[in-house]
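> Got upload.txt for you, compact mmCIF, C-alpha atoms:
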```txt
# COMPACT_ATOMS: atom_id res chain seq x y z
CA MET A 1 2.04 13.64 3.17
CA LYS A 2 3.99 15.32 0.42
CA ALA A 3 2.68 15.40 -3.16
CA ILE A 4 4.70 12.97 -5.28
CA GLY A 5 2.59 12.64 -8.42
CA LEU A 6 1.42 9.45 -10.08
CA ASP A 7 4.80 8.72 -11.67
CA GLY A 8 6.46 9.18 -8.29
CA PHE A 9 3.93 6.89 -6.63
CA ASN A 10 4.34 4.20 -9.31
CA ALA A 11 8.14 4.44 -9.02
CA LEU A 12 8.15 3.71 -5.28
CA THR A 13 9.00 0.24 -4.05
CA ALA A 14 5.99 -1.88 -3.15
CA ARG A 15 6.91 -1.53 0.53
CA ARG A 16 7.05 2.28 0.31
CA ARG A 17 3.78 2.42 -1.68
CA MET A 18 2.17 0.30 1.04
CA HIS A 19 3.42 2.74 3.67
CA VAL A 20 2.10 5.73 1.70
CA LEU A 21 -1.30 4.08 1.21
CA PHE A 22 -1.46 3.24 4.91
CA GLU A 23 -1.01 6.98 5.62
CA VAL A 24 -4.09 7.58 3.46
CA CYS A 25 -6.20 4.90 5.18
CA SER A 26 -5.19 2.87 8.22
CA SER A 27 -6.72 -0.36 6.91
CA THR A 28 -3.90 -2.70 5.93
CA ILE A 29 -6.30 -4.76 3.81
CA TRP A 30 -7.40 -1.62 1.93
CA ALA A 31 -3.77 -0.60 1.35
CA ARG A 32 -2.75 -4.10 0.17
CA ARG A 33 -5.70 -4.43 -2.19
CA VAL A 34 -5.19 -0.98 -3.66
CA LEU A 35 -1.47 -1.73 -4.03
CA SER A 36 -2.21 -4.94 -5.94
CA GLY A 37 -3.54 -2.79 -8.78
CA ALA A 38 -0.27 -0.88 -9.22
CA PRO A 39 1.22 0.48 -11.32
CA PHE A 40 -1.65 2.79 -12.22
CA ALA A 41 -2.07 4.18 -15.74
CA ASP A 42 -3.59 7.42 -14.50
CA GLU A 43 -5.05 9.15 -11.45
CA ALA A 44 -8.57 8.00 -12.29
CA ALA A 45 -7.45 4.35 -12.20
CA LEU A 46 -5.96 4.75 -8.73
CA LEU A 47 -8.99 6.63 -7.38
CA ASP A 48 -11.40 4.11 -8.90
CA ARG A 49 -9.49 1.19 -7.40
CA ALA A 50 -9.39 2.89 -3.99
CA ASP A 51 -13.16 3.45 -4.08
CA ARG A 52 -13.94 -0.11 -5.23
CA VAL A 53 -11.68 -1.67 -2.60
CA LEU A 54 -13.25 0.41 0.17
CA ALA A 55 -16.76 -0.52 -0.96
CA GLU A 56 -15.86 -4.23 -0.65
CA LEU A 57 -14.20 -4.09 2.77
CA PRO A 58 -15.87 -5.99 5.60
CA ASP A 59 -17.11 -3.96 8.57
CA ALA A 60 -14.25 -5.13 10.80
CA GLU A 61 -11.75 -3.63 8.38
CA ILE A 62 -13.76 -0.41 8.16
CA ASP A 63 -13.38 -0.27 11.95
CA ALA A 64 -9.60 -0.58 11.50
CA ALA A 65 -9.71 2.32 9.03
CA LEU A 66 -11.58 4.42 11.59
CA ASP A 67 -8.75 3.90 14.07
CA GLY A 68 -6.67 6.28 11.95
CA HIS A 69 -9.07 9.18 12.51
CA PRO A 70 -9.12 11.28 15.68
CA ARG A 71 -12.38 12.65 17.02
CA ILE A 72 -13.57 15.80 15.32
CA GLY A 73 -12.43 18.57 17.64
CA ALA A 74 -9.80 16.47 19.42
CA LYS A 75 -6.12 17.21 18.93
CA PRO A 76 -5.23 15.71 15.53
CA ASP A 77 -2.53 13.06 15.70
CA ASN A 78 -1.34 13.35 12.10
CA PRO A 79 -0.77 16.13 9.55
CA SER A 80 -3.63 15.04 7.27
CA SER A 81 -6.20 15.19 10.08
CA ALA A 82 -4.80 18.52 11.29
CA ARG A 83 -5.22 20.01 7.79
CA GLU A 84 -8.69 18.51 7.37
CA GLN A 85 -9.91 19.71 10.78
CA ALA A 86 -8.39 23.18 10.54
CA GLY A 87 -11.88 24.72 10.71
CA VAL A 88 -12.27 23.46 14.27
CA ALA A 89 -8.99 24.74 15.71
CA ASP A 90 -10.16 28.33 16.24
CA ALA A 91 -13.78 27.54 17.12
CA ALA A 92 -15.39 28.99 20.23
CA GLU A 93 -14.97 26.88 23.35
CA ALA A 94 -18.75 26.37 23.60
CA VAL A 95 -18.81 24.84 20.10
CA LYS A 96 -15.83 22.62 20.93
CA ALA A 97 -17.54 21.48 24.14
CA GLU A 98 -20.75 20.66 22.28
CA LEU A 99 -18.77 18.78 19.63
CA ALA A 100 -17.06 16.76 22.37
CA ALA A 101 -20.39 15.94 24.05
CA LYS A 102 -22.08 14.92 20.81
CA ASN A 103 -19.01 12.90 19.79
CA ARG A 104 -19.50 10.88 22.99
CA ASP A 105 -23.23 10.46 22.19
CA TYR A 106 -22.34 9.28 18.70
CA GLU A 107 -19.78 6.79 19.97
CA THR A 108 -22.26 5.43 22.51
CA LYS A 109 -24.98 5.04 19.88
CA PHE A 110 -22.89 3.74 16.96
CA GLY A 111 -19.80 2.25 18.61
CA SER A 112 -17.31 4.18 16.50
CA VAL A 113 -15.81 7.61 16.04
CA TYR A 114 -17.91 10.20 14.18
CA LEU A 115 -16.31 10.38 10.75
CA VAL A 116 -16.97 13.19 8.32
CA CYS A 117 -14.98 14.73 5.51
CA ALA A 118 -14.10 17.89 7.44
CA SER A 119 -11.99 19.68 4.82
CA GLY A 120 -13.15 23.22 4.27
CA ARG A 121 -15.88 23.00 6.90
CA SER A 122 -16.26 25.10 10.01
CA ALA A 123 -16.78 23.69 13.49
CA GLY A 124 -20.40 24.88 13.35
CA GLU A 125 -21.00 22.97 10.11
CA LEU A 126 -19.41 19.83 11.53
CA LEU A 127 -21.52 20.12 14.67
CA ALA A 128 -24.71 20.52 12.60
CA ILE A 129 -23.84 17.45 10.53
CA LEU A 130 -23.10 15.44 13.68
CA THR A 131 -26.38 16.52 15.27
CA GLU A 132 -28.28 15.46 12.15
CA ARG A 133 -26.49 12.12 11.87
CA LEU A 134 -27.32 11.21 15.46
CA ASP A 135 -30.88 10.69 14.17
CA ASN A 136 -29.76 7.95 11.76
CA ASP A 137 -30.37 4.29 12.45
CA PRO A 138 -27.17 2.17 12.67
CA GLU A 139 -27.46 0.74 9.15
CA THR A 140 -27.99 4.14 7.54
CA GLU A 141 -25.16 5.65 9.55
CA ARG A 142 -22.79 2.88 8.54
CA ARG A 143 -23.49 3.67 4.85
CA VAL A 144 -23.01 7.40 5.45
CA MET A 145 -19.77 6.78 7.34
CA ARG A 146 -18.39 4.56 4.53
CA HIS A 147 -19.22 7.31 2.03
CA GLU A 148 -17.41 9.89 4.17
CA LEU A 149 -14.38 7.60 4.51
CA ALA A 150 -14.29 7.21 0.72
CA LYS A 151 -14.33 11.01 0.32
CA ILE A 152 -11.47 11.39 2.83
CA ASN A 153 -9.39 8.67 1.14
CA ARG A 154 -9.99 10.23 -2.28
CA LEU A 155 -9.03 13.69 -1.01
CA ARG A 156 -5.83 12.36 0.53
CA LEU A 157 -4.93 10.45 -2.63
CA GLN A 158 -5.54 13.53 -4.76
CA ARG A 159 -3.30 15.55 -2.44
CA LEU A 160 -0.63 12.84 -2.70
CA LEU A 161 -0.82 12.96 -6.48
CA GLY A 162 -0.52 16.73 -6.46
CA GLY A 163 -4.07 17.60 -7.41
CA ALA A 164 -5.49 20.96 -6.35
CA VAL A 165 -7.37 20.05 -3.19
CA SER A 166 -8.34 22.27 -0.27
```
Would you write the structure of this file as structure tokens?

Amino acid sequence: MKAIGLDGFNALTARRRMHVLFEVCSSTIWARRVLSGAPFADEAALLDRADRVLAELPDAEIDAALDGHPRIGAKPDNPSSAREQAGVADAAEAVKAELAAKNRDYETKFGSVYLVCASGRSAGELLAILTERLDNDPETERRVMRHELAKINRLRLQRLLGGAVS
């Protein structure tokens, strides 16, 4: 996703803005509801709307948003995920194998992919976070996962707007 700035985003057709937002988060309801607030006066208005919309999404739509995220350690299927998971690409095979095993444990326990804002984190850090989160109860984990999704969406929006983001 190329940085286009807020003016560039606001200048897009509604259809193109929808497409761009869907690249940020694969929930069509999230993208539509964020889009309904356009045009945005400033970056803060867009980020605030994105956060509020995500907080109000029903669980089924959160599950749709998760479909746009590959497993941590799996081959990323989009440029954003590849950039965000760069710290895993060169990890030792033993760490990758443990990540894969614990990803399966997570999916069995919680019924969804392990989601974490991976930007700037090493495979070891991501594994430690995953190990810790496996101790959560389902309700706590759902809250944590929503928070991580909000951080990922915000990071992707900031990158789209041209903000300095790692």
> Could you work out how far CA of Ala14 in chain A lies from CA of Leu35 in chain A, giving the answer in Å with one decimal?
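Interatomic distance, CA of Leu35 in chain A to CA of Ala14 in chain A: 7.5 Å.
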> Please report the interatomic distance between CA of Leu130 in chain A and CA of Leu57 in chain A in Å with one decimal.
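Going from CA of Leu130 in chain A over to CA of Leu57 in chain A covers 24.1 Å.
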> Could you check the closest approach to Ala101 in chain A for each of A:Asp48, A:Pro79, A:Ser119, A:Leu127 and tell me which residue wins, using all atoms listed in the file?
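The shortest atom-to-atom distance to Ala101 in chain A comes from A:Leu127.
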> Would you tabulate, counting all atoms listed in the file, all residues of range 22-73 of chain A that have an atom at most 10 Å from an atom of range 82-100 of chain A, showing the closest pair of atoms and their distance in Å to one decimal, sorted by chain then ascending number, as a Markdown table?

```
| residue | atom | partner | partner_atom | distance |
| --- | --- | --- | --- | --- |
| A:Pro70 | CA | A:Ala82 | CA | 9.5 |
| A:Arg71 | CA | A:Ala100 | CA | 8.2 |
| A:Ile72 | CA | A:Gln85 | CA | 7.0 |
| A:Gly73 | CA | A:Val88 | CA | 5.9 |
```
> Got a sec: who's within 12 Å of Cys25 in chain A, counting all atoms listed in the file, leaving out chain neighbours fewer than 6 positions off, as a PyMOL selection string?
chain A and resi 18-19+31-34+50-51+53-54+61-69+78+80-81+149-157
> So the first atom is CA of Val116 in chain A and the second is CA of Arg16 in chain A; what is the distance between them in Å, to one decimal place?
27.6 Å
> Around range 106-120 of chain A, with edges along x, y and z and 6 Å added on all six sides, what centre and edge lengths do you get, in Å to one decimal, as JSON?

```
{"center_x": -18.5, "center_y": 12.7, "center_z": 13.4, "size_x": 25.0, "size_y": 33.0, "size_z": 30.2}
```
> My list of candidates is A:Ile129, A:Ser27, A:Pro39, A:Glu139. Which is closest to Pro58 in chain A when distances are computed with only C-alpha atoms?
A:Ser27
> Smallest atom-to-atom distance to Asn10 in chain A: which of A:Val113, A:Val144, A:Ala38, A:Ala44, using all atoms listed in the file?
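Of A:Val113, A:Val144, A:Ala38, A:Ala44, the one nearest Asn10 in chain A is A:Ala38, counting all atoms listed in the file.
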> Tell me which protein, DNA and RNA residues are within 7 Å of Tyr114 in chain A, counting all atoms listed in the file, leaving out same-chain ones fewer than 4 positions away, and put them as a list of chain:residue names.
A:Arg71, A:Asn103, A:Tyr106, A:Glu107
> Could the residues in this selection be written to a file with C-alpha atoms, as a PDB file, in the coordinates of the input?

```pdb
ATOM      1  CA  ARG A  71     -12.380  12.650  17.020  1.00  0.00           C
ATOM      2  CA  ASN A 103     -19.010  12.900  19.790  1.00  0.00           C
ATOM      3  CA  TYR A 106     -22.340   9.280  18.700  1.00  0.00           C
ATOM      4  CA  GLU A 107     -19.780   6.790  19.970  1.00  0.00           C
TER       5      GLU A 107
END
```
> Which is closest to Ala11 in chain A among A:Ser112, A:Phe40, A:Ala45, A:Ala128, if we use all atoms listed in the file?
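Smallest distance to Ala11 in chain A is found for A:Phe40.
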> Which residue gives the smallest distance to Leu134 in chain A among A:Leu161, A:Lys75, A:Arg104, A:Arg121, with only C-alpha atoms counted?
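Residue with the minimum atom-to-atom distance to Leu134 in chain A: A:Arg104.
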> Do a neighbour search on Lys2 in chain A at 10 Å with all atoms listed in the file, toss out local chain neighbours closer than 5 positions, and write the hits as a PDB file with C-alpha atoms, keeping the file's coordinate frame.

```pdb
ATOM      1  CA  VAL A  20       2.100   5.730   1.700  1.00  0.00           C
ATOM      2  CA  ARG A 159      -3.300  15.550  -2.440  1.00  0.00           C
ATOM      3  CA  LEU A 160      -0.630  12.840  -2.700  1.00  0.00           C
ATOM      4  CA  LEU A 161      -0.820  12.960  -6.480  1.00  0.00           C
ATOM      5  CA  GLY A 162      -0.520  16.730  -6.460  1.00  0.00           C
TER       6      GLY A 162
END
```
> For Thr140 in chain A, which residue out of A:Ala123, A:Gln158, A:Phe110, A:Met1 is the nearest one, using only C-alpha atoms?
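Among the listed residues, A:Phe110 lies closest to Thr140 in chain A.
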